[in-house]
Amino acid sequence: MSAVSPNEKFETSWDLAPAPESTDHVNLESHYDLFIDGEFRPSKSGNRFASVNPATEETIAEVTEADQADVNVAIKAARKAHDNVWSKMPGAERGKYIYRIARLMQEQARELAVIESMDGGKPIRESRDIDIPLAAAHFFYYAGWADKLNYAFPNRRPTSLGVAGQVIPWNFPLLMAAWKIAPALATGNTVVIKPAETTSLTALKLAEIFQQAELPPGVVNIVTGHGEVGAAIVNHSDVNKVAFTGSTDVGKIIQKSLAGSEKSLTLELGGKAANIVFEDATIDQAVEGIVNGIYFNQGHVCCAGSRLLVQESIHDELVRKLKHRMDSLIVGDPLDKNTDIGAINSSEQLNTIESYIQIGKDEGAQFYQPSCPVPEKGFWCRPSLFTDVAQSNRIGQEEIFGPVLAVQTFRTVAEAIQKANNTPYGLSAGVWTDKGSKIFNLTSQMRAGIVWANTYNKFDPTSPFGGYKESGFGREGGLHGLSAYLKV
Amino acid sequence: MPTTLPSHFPTVDQVGVVERAARFTTRSIKKVAKMQGLRMVLNMIDLTTLEGMDTAGKVKHLCYKARHLHDQVEGLPSVAAVCVYPNFVGLAKKEVSGSEIKVASVATAFPSGNSSLELKLDDVRMAVDQGADEIDMVISRGRFHAGDTQYVFDEIAAVKEACKTARLKVILETGELGTLDNVRKASDIAIAAGADFIKTSTGKIKPAATMPVTLVMLEAIRDHFFATGQMVGMKPAGGISKSKLALHYLIMVKETLGPAWLDNHWFRFGASSLANDVLMQIVKQKTGAYQSADYFSLD
C-alpha cells in the first residue's frame, strides 16, 4: 500500500453538503385559534387563512382571521385582567411570571427558531443565534424592572396605562412580540397584540408558553389576521396605548386616527440608513459590517444600512472587496445551517424588491449580483448592489426592505453628514473610521435614533431603539422603553 | 516583484476580526464535503519535529510516518512536507526520496532570530545545500518593535536570495507582535520582501496560530493578489491539533481567498498531532465508529 502523491489535486470548489436543521422536534397544529382570556378560542366568523413557508410555498398551518367582534372580546378580557389582577399585583410577583416566560422561551428555543425560519424564511443561523435568544433576553431584562419602577422614576409613583394595543411586523416576528409584550407586562399593562399575517406562528407558540407559565388569563391576548384586525385594535375606544412597528404609510394612518384621543402612541417605522465609510476605516471589517448591515435577514430590517456612503478615494477598493465578499454568501434553504441569506418573506415583498431593482437599472445605476444558485420553488433574491447611485435616485431615497444596497460617494465629512441626513427617515446610521474624534463628531450630528460606530445591527435589550422624523417616535428597550408604558 | 518597503499599512479592527473569524466556525461541514475537507487537511500538513532532543532516529521515523500515514486505509494522501532543523535536512531528504514529500527546514537562528545576518544566511545556505525544498525563517521581532521595519524587510529579501530555488516561508511569530495591526504590517513587509508563504508562529510561543490572526494574514495575501495578481501561500502553525478546527481554517481560506488556495502549494498547516486526529475522523467517516487513539501510530 502506498500513499498518494502529496500534490493531490482537489477537483471541485469544495461546495458544502446540505446541513439542514431537523424539524422532528417541531410541534405545530394544523390550525390555530385566537388566544383570548388565557385560552385558544375559535373566532366568531370561523374564517381562516394559510401561513405559507416562503422557501417552499407550502402551507405550514392555518391561522384564524379575527374580526371586530373578536377584537372586542379580546380587549374586554384585557381590561378585566388589567383592572382586577395584573395592575394590582405587586411588581415582584409580575416579575416572576415574566422570568418564567423567559426561561420557557430558552427551553423551547430550538423549536421556536425552526418555526421562525419555516414561517418567515430567515436563515436558521439568525433565528437560532439572534432572534430567539434576543427575544428571551428582552423578557429577562424587563422582568428585572417589574419591582423597581419606583427607582426607575424616583418620586413619581408610576402607574400602568391600561390596555396596550400592539401591532407588529413580519421581519422579526417573535422578537418584535417580545419587544412589545415584555415592557408592557413589567409595567402592569395588559396586551392585545396582532402579529403580521404572514408570520403568526411563533406568536401563537408564545401563547402556549404563556399557558405553561400560568400567566393569568387576559393579560396577553393574541388576535391574528390582516390589516383590518390591526385597525380594529388601534381604533378601539377601550385601548389606552398603541404601539406599532411597521411601514411609515400605516404609521401615518394610525397617528391620524388617534388624533384627539387620549391614547398614547409609539411608532417604529421605516428607514433608509446611511452606512458611512471613511478612507481611514479598517476596510475589511467595514465590508463585513456593510454585508451585515444590508444582507442580514434578507434586508428585511427597518434599521438596515441600505445606503452605503463611501469616501471617493477608497470607493473602487471597497466595492471590489464587497463584491468578493458577496460572492461567498450562500443563498437558499433557511433551515440549512450554512445559509447566509434565506427566502424573501412573501411573493408580494419579492415583487416590491424586484420592481425596485428594475427602477435602479432604469435610473442608470450599475447593478451587481453574484451568480450563486437559488432554489427553484420559493421566493428568492440574490444579494444585490447598485453603484453610481445619485442622491436623487429613488433607490437611494425609498425603503426597499430587501437585500439591495445603494452605493454613493462623498468627499468631505460635511458632505457625508449632509447626505446621510438628507432623507425623510432617521432610524439608524453607521460610521466606520479608525479615528475616535471623527466618530464623536459624526454621531452627534446624525439625525438618527441609533448610530453604530465600527459595527452594525447590534441589538441589546438595555439599549433604547427608535427613530427621528418619518422613522417614528418613542423608544423601545432600556429604561426609555419603560416610560412608554407608564403614567409618570 | 516589488522590492521596496511599503509606505502605508492598513489598520485592523480587532473586534471585527474576532467576530468574522467566529462566523467561519458556524459553517457545518458534513458528509462528502467533510471527507474531502479531511483529505485536504492531511495533504496540507507540514509534519514537524523541532525539539532540542531531536535525533536521527526521531527524524527517520517522522519521515516514515509522513509517507505512511495510516496504511490500514487505502488511497490516503500523504502530508505535504516534513519540517526539521537544518542539521537533519540531508537525512530527511534521503528518507523521503522517491516520494513527492517536500523537506522544509527552519533557519535564521530559529526560533528567536537573534543573531547576525551573516550567521542567519549561513544557516539558510546550509539547509539549502543539503537539499531543503523550503526554508522557514523567522523575522527579527526585536527590530520590528524598535521600528526598524527597513531592517526586517532587507533581512527577508536577503534570505530570499540565499534560498535560491527553495520556497521561503516567513514566520512572523504573531504571539510576539502584540496587535493585529502589527500582524498586518509584518505580513505586508514579508510579502513585499518576497515571501512565498507567510507563517504565523514557531510553535515555541503561545499563543501560536489563531483564527483571527490567520484571517488578518489571509486578508494581506488577498490584498496583494488584488493589487498584483500574484499568489502568496499561508501557513498557520502551532495550536491546531483537531480536525474540526482545521476544517474551519479551510472554510476561512475558501471564503477569504477563494478555492485556488485550497491546495498544498498555497496552504499548509504546521502541526505535529493534527494528522492523527484527521485520520481518526476519516476512519470514523468510513466505519461509523471512533477508534481509540492507540490504533494510530504516533510517528
# chains A, B, ... in the order shown; residues from 1 in each chain; ligands from 1

call {"tool": "interface_residues", "arguments": {"of": "chain B", "to": "chain A", "cutoff": "6 Å", "atoms": "only C-alpha atoms", "output": "list in words"}}
result
Thr11, Val12, Gly16, Arg27, Lys30, Ala33, Asn43, Leu76, Pro77, Ser78, Ala80, Glu100, Glu255 and Pro259 of chain B

call {"tool": "write_last_selection", "arguments": {"atoms": "all heavy atoms", "output": "JSON list (two decimals), in the first residue's frame"}}
result
[["chain", "number", "residue", "atom", "x", "y", "z"],
["B", 11, "THR", "N", -4.95, 49.40, 8.65],
["B", 11, "THR", "CA", -5.21, 49.06, 10.05],
["B", 11, "THR", "C", -6.32, 48.01, 10.13],
["B", 11, "THR", "O", -7.03, 47.77, 9.17],
["B", 11, "THR", "CB", -5.64, 50.30, 10.85],
["B", 11, "THR", "OG1", -6.69, 50.94, 10.15],
["B", 11, "THR", "CG2", -4.49, 51.25, 11.03],
["B", 12, "VAL", "N", -6.42, 47.42, 11.31],
["B", 12, "VAL", "CA", -7.31, 46.28, 11.50],
["B", 12, "VAL", "C", -8.13, 46.53, 12.76],
["B", 12, "VAL", "O", -7.59, 47.01, 13.76],
["B", 12, "VAL", "CB", -6.46, 45.00, 11.69],
["B", 12, "VAL", "CG1", -7.36, 43.83, 12.01],
["B", 12, "VAL", "CG2", -5.63, 44.72, 10.44],
["B", 16, "GLY", "N", -13.90, 43.40, 15.07],
["B", 16, "GLY", "CA", -14.49, 42.92, 13.82],
["B", 16, "GLY", "C", -13.85, 41.65, 13.33],
["B", 16, "GLY", "O", -14.51, 40.76, 12.81],
["B", 27, "ARG", "N", -20.02, 27.36, 10.15],
["B", 27, "ARG", "CA", -20.26, 26.56, 8.95],
["B", 27, "ARG", "C", -20.32, 25.09, 9.33],
["B", 27, "ARG", "O", -19.50, 24.61, 10.12],
["B", 27, "ARG", "CB", -19.13, 26.77, 7.93],
["B", 27, "ARG", "CG", -19.15, 28.14, 7.27],
["B", 27, "ARG", "CD", -20.27, 28.26, 6.26],
["B", 27, "ARG", "NE", -20.15, 29.45, 5.44],
["B", 27, "ARG", "CZ", -21.17, 30.26, 5.16],
["B", 27, "ARG", "NH1", -22.36, 30.04, 5.69],
["B", 27, "ARG", "NH2", -20.99, 31.29, 4.37],
["B", 30, "LYS", "N", -20.37, 18.61, 6.39],
["B", 30, "LYS", "CA", -20.90, 17.27, 6.56],
["B", 30, "LYS", "C", -20.59, 16.40, 5.35],
["B", 30, "LYS", "O", -20.34, 16.90, 4.26],
["B", 30, "LYS", "CB", -22.44, 17.32, 6.73],
["B", 30, "LYS", "CG", -22.90, 18.15, 7.91],
["B", 30, "LYS", "CD", -22.80, 17.38, 9.20],
["B", 30, "LYS", "CE", -23.31, 18.19, 10.37],
["B", 30, "LYS", "NZ", -22.59, 17.98, 11.59],
["B", 33, "ALA", "N", -18.48, 16.70, 1.76],
["B", 33, "ALA", "CA", -17.65, 17.88, 1.98],
["B", 33, "ALA", "C", -16.68, 17.64, 3.12],
["B", 33, "ALA", "O", -15.52, 18.07, 3.07],
["B", 33, "ALA", "CB", -18.54, 19.09, 2.28],
["B", 43, "ASN", "N", -3.32, 16.45, 3.44],
["B", 43, "ASN", "CA", -2.41, 16.75, 2.34],
["B", 43, "ASN", "C", -1.72, 18.10, 2.48],
["B", 43, "ASN", "O", -0.81, 18.43, 1.73],
["B", 43, "ASN", "CB", -3.22, 16.69, 1.03],
["B", 43, "ASN", "CG", -2.34, 16.66, -0.20],
["B", 43, "ASN", "OD1", -2.60, 17.36, -1.16],
["B", 43, "ASN", "ND2", -1.27, 15.87, -0.16],
["B", 76, "LEU", "N", -4.98, 7.00, 0.88],
["B", 76, "LEU", "CA", -4.88, 8.27, 1.60],
["B", 76, "LEU", "C", -3.80, 9.14, 0.96],
["B", 76, "LEU", "O", -2.79, 8.62, 0.48],
["B", 76, "LEU", "CB", -4.49, 8.03, 3.06],
["B", 76, "LEU", "CG", -5.54, 7.54, 4.03],
["B", 76, "LEU", "CD1", -4.93, 7.37, 5.40],
["B", 76, "LEU", "CD2", -6.69, 8.53, 4.09],
["B", 77, "PRO", "N", -3.99, 10.46, 0.97],
["B", 77, "PRO", "CA", -2.89, 11.32, 0.54],
["B", 77, "PRO", "C", -1.79, 11.30, 1.61],
["B", 77, "PRO", "O", -2.04, 10.93, 2.76],
["B", 77, "PRO", "CB", -3.52, 12.70, 0.44],
["B", 77, "PRO", "CG", -4.72, 12.65, 1.31],
["B", 77, "PRO", "CD", -5.16, 11.22, 1.38],
["B", 78, "SER", "N", -0.59, 11.68, 1.22],
["B", 78, "SER", "CA", 0.46, 11.85, 2.23],
["B", 78, "SER", "C", 0.42, 13.29, 2.74],
["B", 78, "SER", "O", -0.39, 14.09, 2.26],
["B", 78, "SER", "CB", 1.84, 11.56, 1.62],
["B", 78, "SER", "OG", 2.19, 12.62, 0.76],
["B", 80, "ALA", "N", 2.18, 17.09, 3.14],
["B", 80, "ALA", "CA", 2.85, 17.91, 2.13],
["B", 80, "ALA", "C", 4.36, 17.89, 2.31],
["B", 80, "ALA", "O", 5.12, 17.83, 1.35],
["B", 80, "ALA", "CB", 2.34, 19.34, 2.21],
["B", 100, "GLU", "N", 6.92, 12.54, -3.26],
["B", 100, "GLU", "CA", 6.94, 13.96, -3.61],
["B", 100, "GLU", "C", 6.86, 14.83, -2.37],
["B", 100, "GLU", "O", 6.59, 16.03, -2.45],
["B", 100, "GLU", "CB", 5.79, 14.27, -4.56],
["B", 100, "GLU", "CG", 6.01, 13.66, -5.93],
["B", 100, "GLU", "CD", 4.89, 14.01, -6.90],
["B", 100, "GLU", "OE1", 4.75, 15.20, -7.22],
["B", 100, "GLU", "OE2", 4.15, 13.10, -7.30],
["B", 255, "GLU", "N", -13.34, 31.20, 1.83],
["B", 255, "GLU", "CA", -14.19, 32.38, 1.75],
["B", 255, "GLU", "C", -13.40, 33.68, 1.69],
["B", 255, "GLU", "O", -13.92, 34.70, 1.26],
["B", 255, "GLU", "CB", -15.18, 32.40, 2.94],
["B", 255, "GLU", "CG", -16.17, 31.24, 2.85],
["B", 255, "GLU", "CD", -17.33, 31.35, 3.82],
["B", 255, "GLU", "OE1", -17.56, 32.43, 4.39],
["B", 255, "GLU", "OE2", -18.02, 30.32, 4.02],
["B", 259, "PRO", "N", -11.15, 29.22, -3.81],
["B", 259, "PRO", "CA", -10.75, 27.82, -3.88],
["B", 259, "PRO", "C", -9.36, 27.59, -4.46],
["B", 259, "PRO", "O", -8.78, 26.53, -4.24],
["B", 259, "PRO", "CB", -11.84, 27.18, -4.74],
["B", 259, "PRO", "CG", -12.59, 28.29, -5.37],
["B", 259, "PRO", "CD", -12.38, 29.51, -4.57]]

call {"tool": "residues_around", "arguments": {"residues": "Lys235 of chain B", "least_positions_apart": "6", "cutoff": "10 Å", "atoms": "only C-alpha atoms", "output": "list in words"}}
result
Met44, Ile45, Asp46, Lys169, Val170, Ile171, Phe197, Ile198, Lys199, Thr200, Ser201, Ala209, Thr214, Met217, Leu218, Asn264, Trp266, Phe267, Arg268, Phe269 and Gly270 of chain B

call {"tool": "write_last_selection", "arguments": {"atoms": "N, CA and C atoms", "output": "tab-separated table (two decimals), in the first residue's frame"}}
result
chain	number	residue	atom	x	y	z
B	44	MET	N	-2.17	18.90	3.44
B	44	MET	CA	-1.60	20.24	3.63
B	44	MET	C	-0.71	20.31	4.86
B	45	ILE	N	-0.51	19.17	5.50
B	45	ILE	CA	0.25	19.21	6.76
B	45	ILE	C	1.76	19.22	6.50
B	46	ASP	N	2.45	20.11	7.21
B	46	ASP	CA	3.90	20.03	7.33
B	46	ASP	C	4.15	19.27	8.64
B	169	LYS	N	9.25	30.49	3.51
B	169	LYS	CA	8.14	30.79	4.41
B	169	LYS	C	8.66	31.75	5.48
B	170	VAL	N	7.95	32.83	5.67
B	170	VAL	CA	8.39	33.83	6.64
B	170	VAL	C	7.52	33.75	7.89
B	171	ILE	N	8.16	33.39	9.00
B	171	ILE	CA	7.43	33.26	10.28
B	171	ILE	C	7.39	34.63	10.96
B	197	PHE	N	5.51	32.19	1.26
B	197	PHE	CA	4.48	31.86	2.25
B	197	PHE	C	4.65	32.85	3.40
B	198	ILE	N	3.56	33.19	4.07
B	198	ILE	CA	3.71	33.80	5.39
B	198	ILE	C	3.15	32.82	6.40
B	199	LYS	N	3.79	32.79	7.56
B	199	LYS	CA	3.50	31.76	8.54
B	199	LYS	C	3.35	32.41	9.90
B	200	THR	N	2.42	31.91	10.69
B	200	THR	CA	2.12	32.61	11.95
B	200	THR	C	3.21	32.48	13.00
B	201	SER	N	3.67	31.23	13.24
B	201	SER	CA	4.36	31.01	14.51
B	201	SER	C	5.47	29.97	14.42
B	209	ALA	N	-0.83	29.90	16.33
B	209	ALA	CA	-1.84	30.28	15.33
B	209	ALA	C	-3.21	30.40	15.98
B	214	THR	N	-4.80	34.48	11.68
B	214	THR	CA	-4.70	33.91	10.33
B	214	THR	C	-5.56	34.70	9.36
B	217	MET	N	-3.81	37.76	8.18
B	217	MET	CA	-2.75	37.42	7.22
B	217	MET	C	-3.34	37.04	5.87
B	218	LEU	N	-4.47	36.32	5.89
B	218	LEU	CA	-5.12	35.97	4.62
B	218	LEU	C	-5.60	37.23	3.89
B	264	ASN	N	-2.00	22.33	-1.46
B	264	ASN	CA	-0.85	22.44	-0.56
B	264	ASN	C	0.31	23.25	-1.15
B	266	TRP	N	-0.25	26.25	-1.79
B	266	TRP	CA	-0.58	27.59	-1.29
B	266	TRP	C	-1.04	27.62	0.17
B	267	PHE	N	-1.34	26.46	0.73
B	267	PHE	CA	-1.77	26.48	2.12
B	267	PHE	C	-1.22	25.27	2.85
B	268	ARG	N	-0.70	25.51	4.04
B	268	ARG	CA	-0.14	24.44	4.86
B	268	ARG	C	-0.59	24.60	6.31
B	269	PHE	N	-0.62	23.48	6.99
B	269	PHE	CA	-0.76	23.50	8.45
B	269	PHE	C	0.57	23.06	9.04
B	270	GLY	N	1.15	23.85	9.93
B	270	GLY	CA	2.32	23.41	10.67
B	270	GLY	C	1.81	22.72	11.93

call {"tool": "atom_distance", "arguments": {"atom1": "atom CA of Gly90 of chain B", "atom2": "atom CA of Ile135 of chain B"}}
result
13.7 Å
